[in-house]
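Remarks on the structure that follows.
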Amino acid sequence: RRTTPPPTTASSSLQPAATNCLTSSRTPSKRLWSSLHWLQSVGAWGMSSAPTGIGEIAARVAQTHSTERPQVTIERYSDGKRTLLMVYVPGMRSLNPLDQSDPFGVAGSVHELADAKHASCQLAVENALEKAGVRPSDQIVVAGYSQGGMVAAELAASRPDQVVGVVTLGSPIAQVDLPADIPVLAIEHSNDVVPALSGKVNPLTENLVTVAREIPSPHGSDALAAHDLQAYERTAQLVDGDGSTGITRIRGLLMSRFEGLRLVETQTFDYEK
């Protein structure tokens with residue numbers, strides 16, 4: 001695997017670093033949820049076009065994460081010949097280890113680290129893709145927060161011929177064996193404990209770049225303050241204005257996936273046991 005020197009740090013205090021890798025099952029869940037249904041069509045969230053930058057991708061991840069019920073959102077883009085699916089995956093929503101009703105609960109997060117192919121959150125996204133009618137020729141860009149970023153990385157590892165881009169926000173992904181040719185932008189806060197749960201440091205390779213920023217943490221503040229999703233949205237906005245060579249290159253590759261395509265529909269899937 002080729003490596004490149006780390007890009008220079010921009011004045012925004014963002015620090016380019018790295019990203020790494022795993023594998024997972026492509027078998028969708030047939031038993032976890034009695035209800036997985038399509039809710040909305042084009043214009044969901046008031047969106048009528050592709051995201052214009054990493055900050056907007058992060059905002060759409062946040063909108064998926066903040067819904068009342070566990071949800072996955074899939075946008076379909078096409079020019080009549082090429083089809084791209086943009087998948088937004090929420091982070092961990094329930095901290096109750098006994099709650100089995102939410103595929104994105106703490107149990108799913110633990111399973112994602114230990115055995116991704118059987119994790120409820122992984123199966124939930126595979127199920128949504130199946131219900132959305134994904135075809136072998138379709139391209140996929142996937143973005144996720146926290147646990148959802150792990151799912152995004154695993155999806156890239158299990159579908160290397162389809163996934164053409166990954167964005168993660170505060171996610172432990174260093175354990176995932178990502179294909180070397182897929183552009184990955186991993187956004188982490190240096191004082192956030194969650195990305196470190198993989199037990200490894202993300203390597204810096206040609207197409208894997210981690211952007212790090214330290215979040216102010218006043219004395220006595222919550223241990224997970226640096227994992228706040230709104231803070232990650234702000235960091236993603238800073239990424240759009242960063243001129244560092246490595247960040248600019250990966251950002252450009254990710255956003256180029258939408259060129260020439262129009263938004264055809266937005267499908268939102270929610271889950272209940």
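For the structure tokens, the naming scheme is as follows: chains receive sequential letters (A, B, ...) according to their order of presentation, residues are indexed from 1 within each chain, and ligands are indexed from 1 in presentation order.
Residues of segment 156-260 of chain A that DSSP, applied to the backbone, places in strand (DSSP E or B): A:Val163, A:Val164, A:Gly165, A:Val166, A:Val167, A:Thr168, A:Leu169, A:Val184, A:Leu185, A:Ala186, A:Ile187, A:Glu188, A:His189, A:Thr205, A:Leu208, A:Val209, A:Thr210, A:Val211, A:Ala212, A:Arg213.
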Find the nearest atom pair between each residue of segment 133-187 of chain A and segment 122-128 of chain A for residues within 9 Å, count only C-alpha atoms, give distances in Å to one decimal, sort rows by chain and ascending number, and present the table as a tab-separated table.
```
residue	atom	partner	partner_atom	distance
A:Gly133	CA	A:Ala128	CA	8.7
A:Gly148	CA	A:Gln122	CA	8.7
A:Met150	CA	A:Gln122	CA	8.8
A:Val151	CA	A:Gln122	CA	5.6
A:Ala152	CA	A:Gln122	CA	8.7
A:Glu154	CA	A:Gln122	CA	7.9
A:Leu155	CA	A:Gln122	CA	7.9
```
Could you dump the residues just selected with N, CA and C atoms as a short mmCIF file (atom, residue, chain, number, x, y, z; two decimals), in the first residue's frame?
```cif
data_model
loop_
_atom_site.label_atom_id
_atom_site.label_comp_id
_atom_site.auth_asym_id
_atom_site.auth_seq_id
_atom_site.Cartn_x
_atom_site.Cartn_y
_atom_site.Cartn_z
N GLY A 133 -33.69 -1.22 -3.36
CA GLY A 133 -33.50 -1.77 -4.70
C GLY A 133 -32.13 -1.53 -5.28
N GLY A 148 -22.36 4.68 13.44
CA GLY A 148 -22.73 4.72 12.02
C GLY A 148 -21.53 4.81 11.11
N MET A 150 -18.66 3.33 11.75
CA MET A 150 -18.16 1.96 11.69
C MET A 150 -18.93 1.17 10.64
N VAL A 151 -20.25 1.34 10.63
CA VAL A 151 -21.08 0.68 9.64
C VAL A 151 -20.68 1.11 8.23
N ALA A 152 -20.41 2.40 8.06
CA ALA A 152 -20.00 2.91 6.75
C ALA A 152 -18.70 2.26 6.28
N GLU A 154 -17.43 -0.62 7.28
CA GLU A 154 -17.67 -2.04 7.03
C GLU A 154 -18.38 -2.25 5.69
N LEU A 155 -19.29 -1.33 5.36
CA LEU A 155 -20.00 -1.43 4.08
C LEU A 155 -19.02 -1.30 2.93
#
```
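Put simply, atom CA of Ser244 of chain A is 16.4 Å away from atom CA of Gly55 of chain A.
Considering only C-alpha atoms, the residue among A:Asn202, A:Thr67, A:Gln139, A:Thr245 positioned nearest to Asp270 of chain A is A:Thr67.
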At a cut-off of 9 Å, using only C-alpha atoms, what residues contact Ile57 of chain A? Leave out same-chain residues fewer than 3 positions from it and give the result as a VMD selection string.
chain A and resid 51 to 54 60 to 62 88 143 167 233 236
Could you give me, as a VMD selection string, the residues within 7 Å of Gln71 of chain A, counting only C-alpha atoms and dropping anything in the same chain fewer than 3 positions from it?
chain A and resid 64 268 to 271
For segment 168-177 of chain A, work out the shell of residues within 7 Å, counting only C-alpha atoms and skipping chain neighbours fewer than 6 positions away, then give it as a PDB file with N, CA, C and O atoms, in the first residue's frame.
```pdb
ATOM      1  N   THR A  19      -6.526   6.836   8.455  1.00  0.00           N
ATOM      2  CA  THR A  19      -7.711   5.982   8.427  1.00  0.00           C
ATOM      3  C   THR A  19      -7.328   4.529   8.150  1.00  0.00           C
ATOM      4  O   THR A  19      -6.366   4.291   7.487  1.00  0.00           O
ATOM      5  N   ASN A  20      -8.103   3.548   8.621  1.00  0.00           N
ATOM      6  CA  ASN A  20      -7.813   2.124   8.409  1.00  0.00           C
ATOM      7  C   ASN A  20      -9.014   1.257   8.149  1.00  0.00           C
ATOM      8  O   ASN A  20     -10.024   1.738   7.744  1.00  0.00           O
ATOM      9  N   CYS A  21      -9.096  -0.034   8.547  1.00  0.00           N
ATOM     10  CA  CYS A  21      -9.842  -1.111   7.889  1.00  0.00           C
ATOM     11  C   CYS A  21     -10.403  -2.414   8.567  1.00  0.00           C
ATOM     12  O   CYS A  21      -9.916  -2.828   9.552  1.00  0.00           O
ATOM     13  N   LEU A  22     -11.616  -3.584   7.781  1.00  0.00           N
ATOM     14  CA  LEU A  22     -12.297  -4.888   8.187  1.00  0.00           C
ATOM     15  C   LEU A  22     -13.155  -5.536   7.082  1.00  0.00           C
ATOM     16  O   LEU A  22     -12.951  -5.225   5.954  1.00  0.00           O
ATOM     17  N   THR A  23     -14.108  -6.447   7.384  1.00  0.00           N
ATOM     18  CA  THR A  23     -15.041  -7.007   6.412  1.00  0.00           C
ATOM     19  C   THR A  23     -16.386  -7.293   7.058  1.00  0.00           C
ATOM     20  O   THR A  23     -16.476  -7.420   8.263  1.00  0.00           O
ATOM     21  N   ALA A 143     -22.052   7.793   4.684  1.00  0.00           N
ATOM     22  CA  ALA A 143     -21.559   8.646   5.759  1.00  0.00           C
ATOM     23  C   ALA A 143     -22.255   8.273   7.050  1.00  0.00           C
ATOM     24  O   ALA A 143     -23.455   7.963   7.057  1.00  0.00           O
ATOM     25  N   GLY A 144     -21.518   8.310   8.169  1.00  0.00           N
ATOM     26  CA  GLY A 144     -22.122   7.961   9.441  1.00  0.00           C
ATOM     27  C   GLY A 144     -21.419   8.603  10.613  1.00  0.00           C
ATOM     28  O   GLY A 144     -20.230   8.961  10.534  1.00  0.00           O
ATOM     29  N   TYR A 145     -22.162   8.732  11.683  1.00  0.00           N
ATOM     30  CA  TYR A 145     -21.662   9.308  12.933  1.00  0.00           C
ATOM     31  C   TYR A 145     -21.444   8.209  13.958  1.00  0.00           C
ATOM     32  O   TYR A 145     -22.295   7.329  14.128  1.00  0.00           O
ATOM     33  N   SER A 146     -20.296   8.234  14.637  1.00  0.00           N
ATOM     34  CA  SER A 146     -20.014   7.312  15.740  1.00  0.00           C
ATOM     35  C   SER A 146     -20.154   5.867  15.251  1.00  0.00           C
ATOM     36  O   SER A 146     -19.457   5.451  14.321  1.00  0.00           O
ATOM     37  N   GLN A 147     -21.050   5.106  15.853  1.00  0.00           N
ATOM     38  CA  GLN A 147     -21.304   3.738  15.419  1.00  0.00           C
ATOM     39  C   GLN A 147     -21.641   3.675  13.934  1.00  0.00           C
ATOM     40  O   GLN A 147     -21.253   2.743  13.225  1.00  0.00           O
ATOM     41  N   GLY A 149     -20.441   5.439  11.579  1.00  0.00           N
ATOM     42  CA  GLY A 149     -19.219   5.481  10.793  1.00  0.00           C
ATOM     43  C   GLY A 149     -18.566   4.122  10.684  1.00  0.00           C
ATOM     44  O   GLY A 149     -17.974   3.786   9.648  1.00  0.00           O
ATOM     45  N   MET A 150     -18.657   3.334  11.750  1.00  0.00           N
ATOM     46  CA  MET A 150     -18.156   1.958  11.687  1.00  0.00           C
ATOM     47  C   MET A 150     -18.927   1.168  10.640  1.00  0.00           C
ATOM     48  O   MET A 150     -18.351   0.414   9.857  1.00  0.00           O
ATOM     49  N   ALA A 153     -17.731   2.165   7.192  1.00  0.00           N
ATOM     50  CA  ALA A 153     -16.451   1.551   6.833  1.00  0.00           C
ATOM     51  C   ALA A 153     -16.621   0.081   6.492  1.00  0.00           C
ATOM     52  O   ALA A 153     -16.030  -0.428   5.529  1.00  0.00           O
ATOM     53  N   GLU A 154     -17.426  -0.615   7.285  1.00  0.00           N
ATOM     54  CA  GLU A 154     -17.674  -2.038   7.026  1.00  0.00           C
ATOM     55  C   GLU A 154     -18.384  -2.248   5.695  1.00  0.00           C
ATOM     56  O   GLU A 154     -18.126  -3.214   4.977  1.00  0.00           O
ATOM     57  N   ALA A 157     -15.871  -2.116   3.031  1.00  0.00           N
ATOM     58  CA  ALA A 157     -15.056  -3.328   3.002  1.00  0.00           C
ATOM     59  C   ALA A 157     -15.802  -4.500   2.378  1.00  0.00           C
ATOM     60  O   ALA A 157     -15.202  -5.334   1.704  1.00  0.00           O
ATOM     61  N   LEU A 185     -12.721   9.950   4.321  1.00  0.00           N
ATOM     62  CA  LEU A 185     -12.436  11.100   5.166  1.00  0.00           C
ATOM     63  C   LEU A 185     -12.978  10.800   6.556  1.00  0.00           C
ATOM     64  O   LEU A 185     -14.192  10.702   6.749  1.00  0.00           O
ATOM     65  N   ALA A 186     -12.072  10.620   7.507  1.00  0.00           N
ATOM     66  CA  ALA A 186     -12.451  10.330   8.888  1.00  0.00           C
ATOM     67  C   ALA A 186     -12.232  11.584   9.719  1.00  0.00           C
ATOM     68  O   ALA A 186     -11.109  12.063   9.842  1.00  0.00           O
ATOM     69  N   ILE A 187     -13.306  12.120  10.256  1.00  0.00           N
ATOM     70  CA  ILE A 187     -13.228  13.322  11.082  1.00  0.00           C
ATOM     71  C   ILE A 187     -13.275  12.908  12.549  1.00  0.00           C
ATOM     72  O   ILE A 187     -14.218  12.221  12.978  1.00  0.00           O
ATOM     73  N   GLU A 188     -12.268  13.293  13.313  1.00  0.00           N
ATOM     74  CA  GLU A 188     -12.178  12.917  14.718  1.00  0.00           C
ATOM     75  C   GLU A 188     -11.811  14.127  15.561  1.00  0.00           C
ATOM     76  O   GLU A 188     -11.105  15.019  15.091  1.00  0.00           O
ATOM     77  N   HIS A 189     -12.274  14.136  16.792  1.00  0.00           N
ATOM     78  CA  HIS A 189     -11.808  15.119  17.768  1.00  0.00           C
ATOM     79  C   HIS A 189     -10.747  14.442  18.625  1.00  0.00           C
ATOM     80  O   HIS A 189     -10.960  13.342  19.150  1.00  0.00           O
ATOM     81  N   VAL A 194     -14.210   8.064  21.835  1.00  0.00           N
ATOM     82  CA  VAL A 194     -14.898   7.048  21.028  1.00  0.00           C
ATOM     83  C   VAL A 194     -14.059   6.546  19.852  1.00  0.00           C
ATOM     84  O   VAL A 194     -13.955   5.330  19.637  1.00  0.00           O
ATOM     85  N   PRO A 195     -13.423   7.419  19.044  1.00  0.00           N
ATOM     86  CA  PRO A 195     -12.620   6.904  17.927  1.00  0.00           C
ATOM     87  C   PRO A 195     -11.487   5.980  18.368  1.00  0.00           C
ATOM     88  O   PRO A 195     -11.016   5.155  17.581  1.00  0.00           O
ATOM     89  N   ALA A 196     -11.058   6.103  19.626  1.00  0.00           N
ATOM     90  CA  ALA A 196      -9.952   5.278  20.133  1.00  0.00           C
ATOM     91  C   ALA A 196     -10.399   3.881  20.550  1.00  0.00           C
ATOM     92  O   ALA A 196      -9.563   3.036  20.905  1.00  0.00           O
ATOM     93  N   LEU A 197     -11.710   3.598  20.499  1.00  0.00           N
ATOM     94  CA  LEU A 197     -12.210   2.307  20.957  1.00  0.00           C
ATOM     95  C   LEU A 197     -11.724   1.143  20.100  1.00  0.00           C
ATOM     96  O   LEU A 197     -11.790  -0.009  20.524  1.00  0.00           O
ATOM     97  N   SER A 198     -11.257   1.439  18.898  1.00  0.00           N
ATOM     98  CA  SER A 198     -10.726   0.372  18.044  1.00  0.00           C
ATOM     99  C   SER A 198      -9.411  -0.172  18.586  1.00  0.00           C
ATOM    100  O   SER A 198      -8.986  -1.263  18.228  1.00  0.00           O
ATOM    101  N   LYS A 200      -6.547   1.075  17.948  1.00  0.00           N
ATOM    102  CA  LYS A 200      -5.497   1.290  16.956  1.00  0.00           C
ATOM    103  C   LYS A 200      -5.526   2.745  16.508  1.00  0.00           C
ATOM    104  O   LYS A 200      -6.498   3.468  16.732  1.00  0.00           O
ATOM    105  N   VAL A 201      -4.450   3.155  15.853  1.00  0.00           N
ATOM    106  CA  VAL A 201      -4.373   4.498  15.281  1.00  0.00           C
ATOM    107  C   VAL A 201      -4.586   4.392  13.780  1.00  0.00           C
ATOM    108  O   VAL A 201      -4.020   3.521  13.120  1.00  0.00           O
ATOM    109  N   ASN A 202      -5.391   5.273  13.228  1.00  0.00           N
ATOM    110  CA  ASN A 202      -5.629   5.245  11.790  1.00  0.00           C
ATOM    111  C   ASN A 202      -4.353   5.565  11.017  1.00  0.00           C
ATOM    112  O   ASN A 202      -3.733   6.604  11.266  1.00  0.00           O
ATOM    113  N   HIS A 227     -17.539  14.298  21.881  1.00  0.00           N
ATOM    114  CA  HIS A 227     -18.205  13.416  20.924  1.00  0.00           C
ATOM    115  C   HIS A 227     -19.522  14.009  20.431  1.00  0.00           C
ATOM    116  O   HIS A 227     -20.234  13.380  19.653  1.00  0.00           O
ATOM    117  N   TYR A 232     -19.174  17.974  15.812  1.00  0.00           N
ATOM    118  CA  TYR A 232     -18.666  17.331  14.598  1.00  0.00           C
ATOM    119  C   TYR A 232     -19.205  18.016  13.340  1.00  0.00           C
ATOM    120  O   TYR A 232     -18.503  18.098  12.313  1.00  0.00           O
TER     121      TYR A 232
END
```
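The residue set within 8 Å of Gly260 of chain A, counting only C-alpha atoms and dropping same-chain residues fewer than 2 places from it, reads A:Asp79, A:Phe258, A:Arg262.
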Write out as a ChimeraX atom specification the set of residues from segment 33-261 of chain A that DSSP, computed on the backbone, places in alpha helix (DSSP H).
/A:54-65,106-114,120-131,147-158,229-240,245-256
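Interatomic distance, atom CA of Glu130 of chain A to atom CA of Ser49 of chain A: 23.3 Å.
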Within 10 Å of Asp161 of chain A, counting only C-alpha atoms, which residues show up once you throw out same-chain ones fewer than 2 positions away? Write them as a PDB file with N, CA, C and O atoms, in the first residue's frame, please.
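Result went into out-v9.pdb, see below:
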```
ATOM      1  N   PRO A 136     -26.264  -4.150  -8.576  1.00  0.00           N
ATOM      2  CA  PRO A 136     -24.807  -4.333  -8.587  1.00  0.00           C
ATOM      3  C   PRO A 136     -24.056  -3.218  -9.289  1.00  0.00           C
ATOM      4  O   PRO A 136     -22.912  -2.919  -8.948  1.00  0.00           O
ATOM      5  N   SER A 137     -24.691  -2.563 -10.258  1.00  0.00           N
ATOM      6  CA  SER A 137     -24.016  -1.496 -11.007  1.00  0.00           C
ATOM      7  C   SER A 137     -24.089  -0.141 -10.308  1.00  0.00           C
ATOM      8  O   SER A 137     -23.411   0.807 -10.726  1.00  0.00           O
ATOM      9  N   ASP A 138     -24.882  -0.028  -9.257  1.00  0.00           N
ATOM     10  CA  ASP A 138     -25.030   1.251  -8.556  1.00  0.00           C
ATOM     11  C   ASP A 138     -23.784   1.573  -7.736  1.00  0.00           C
ATOM     12  O   ASP A 138     -23.179   0.686  -7.127  1.00  0.00           O
ATOM     13  N   GLN A 139     -23.409   2.845  -7.699  1.00  0.00           N
ATOM     14  CA  GLN A 139     -22.336   3.306  -6.834  1.00  0.00           C
ATOM     15  C   GLN A 139     -22.932   3.778  -5.510  1.00  0.00           C
ATOM     16  O   GLN A 139     -24.095   4.174  -5.445  1.00  0.00           O
ATOM     17  N   ILE A 140     -22.120   3.726  -4.449  1.00  0.00           N
ATOM     18  CA  ILE A 140     -22.591   4.097  -3.111  1.00  0.00           C
ATOM     19  C   ILE A 140     -21.567   4.994  -2.437  1.00  0.00           C
ATOM     20  O   ILE A 140     -20.373   4.693  -2.441  1.00  0.00           O
ATOM     21  N   ALA A 156     -18.057  -0.394   3.065  1.00  0.00           N
ATOM     22  CA  ALA A 156     -17.038  -0.233   2.027  1.00  0.00           C
ATOM     23  C   ALA A 156     -16.187  -1.488   1.898  1.00  0.00           C
ATOM     24  O   ALA A 156     -15.810  -1.893   0.792  1.00  0.00           O
ATOM     25  N   ALA A 157     -15.871  -2.116   3.031  1.00  0.00           N
ATOM     26  CA  ALA A 157     -15.056  -3.328   3.002  1.00  0.00           C
ATOM     27  C   ALA A 157     -15.802  -4.500   2.378  1.00  0.00           C
ATOM     28  O   ALA A 157     -15.202  -5.334   1.704  1.00  0.00           O
ATOM     29  N   SER A 158     -17.117  -4.559   2.587  1.00  0.00           N
ATOM     30  CA  SER A 158     -17.898  -5.688   2.082  1.00  0.00           C
ATOM     31  C   SER A 158     -18.408  -5.472   0.664  1.00  0.00           C
ATOM     32  O   SER A 158     -18.795  -6.419  -0.015  1.00  0.00           O
ATOM     33  N   ARG A 159     -18.423  -4.210   0.214  1.00  0.00           N
ATOM     34  CA  ARG A 159     -18.892  -3.899  -1.144  1.00  0.00           C
ATOM     35  C   ARG A 159     -17.845  -3.054  -1.887  1.00  0.00           C
ATOM     36  O   ARG A 159     -18.117  -1.929  -2.310  1.00  0.00           O
ATOM     37  N   VAL A 163     -18.981   0.755  -3.307  1.00  0.00           N
ATOM     38  CA  VAL A 163     -18.752   1.944  -2.487  1.00  0.00           C
ATOM     39  C   VAL A 163     -17.617   2.766  -3.087  1.00  0.00           C
ATOM     40  O   VAL A 163     -16.521   2.247  -3.319  1.00  0.00           O
ATOM     41  N   VAL A 164     -17.885   4.047  -3.320  1.00  0.00           N
ATOM     42  CA  VAL A 164     -16.895   4.928  -3.956  1.00  0.00           C
ATOM     43  C   VAL A 164     -16.520   6.105  -3.060  1.00  0.00           C
ATOM     44  O   VAL A 164     -15.833   7.028  -3.505  1.00  0.00           O
ATOM     45  N   PRO A 179     -10.667  -1.065   1.381  1.00  0.00           N
ATOM     46  CA  PRO A 179      -9.979  -1.111   0.084  1.00  0.00           C
ATOM     47  C   PRO A 179      -9.154   0.153  -0.124  1.00  0.00           C
ATOM     48  O   PRO A 179      -9.606   1.260   0.180  1.00  0.00           O
ATOM     49  N   ILE A 182     -10.584   3.405  -2.234  1.00  0.00           N
ATOM     50  CA  ILE A 182     -11.792   4.144  -1.871  1.00  0.00           C
ATOM     51  C   ILE A 182     -11.415   5.378  -1.047  1.00  0.00           C
ATOM     52  O   ILE A 182     -10.762   5.244  -0.008  1.00  0.00           O
TER      53      ILE A 182
END
```
From the options A:Thr205, A:Ala50, A:Ile215, A:Pro70, which residue's atoms come nearest to Leu229 of chain A, counting only C-alpha atoms?
A:Ile215
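Take the candidates A:Val134, A:Val184, A:Val193, A:Val89 and check each one against Asp228 of chain A using only C-alpha atoms; the shortest distance goes to A:Val193.
Going from atom CA of Arg135 of chain A over to atom CA of Leu85 of chain A, you cover 10.1 Å.
If only C-alpha atoms are the atoms counted, then among A:Gly80, A:Gln63, A:Arg69, A:Ala180 the closest residue to Pro203 of chain A is A:Ala180.
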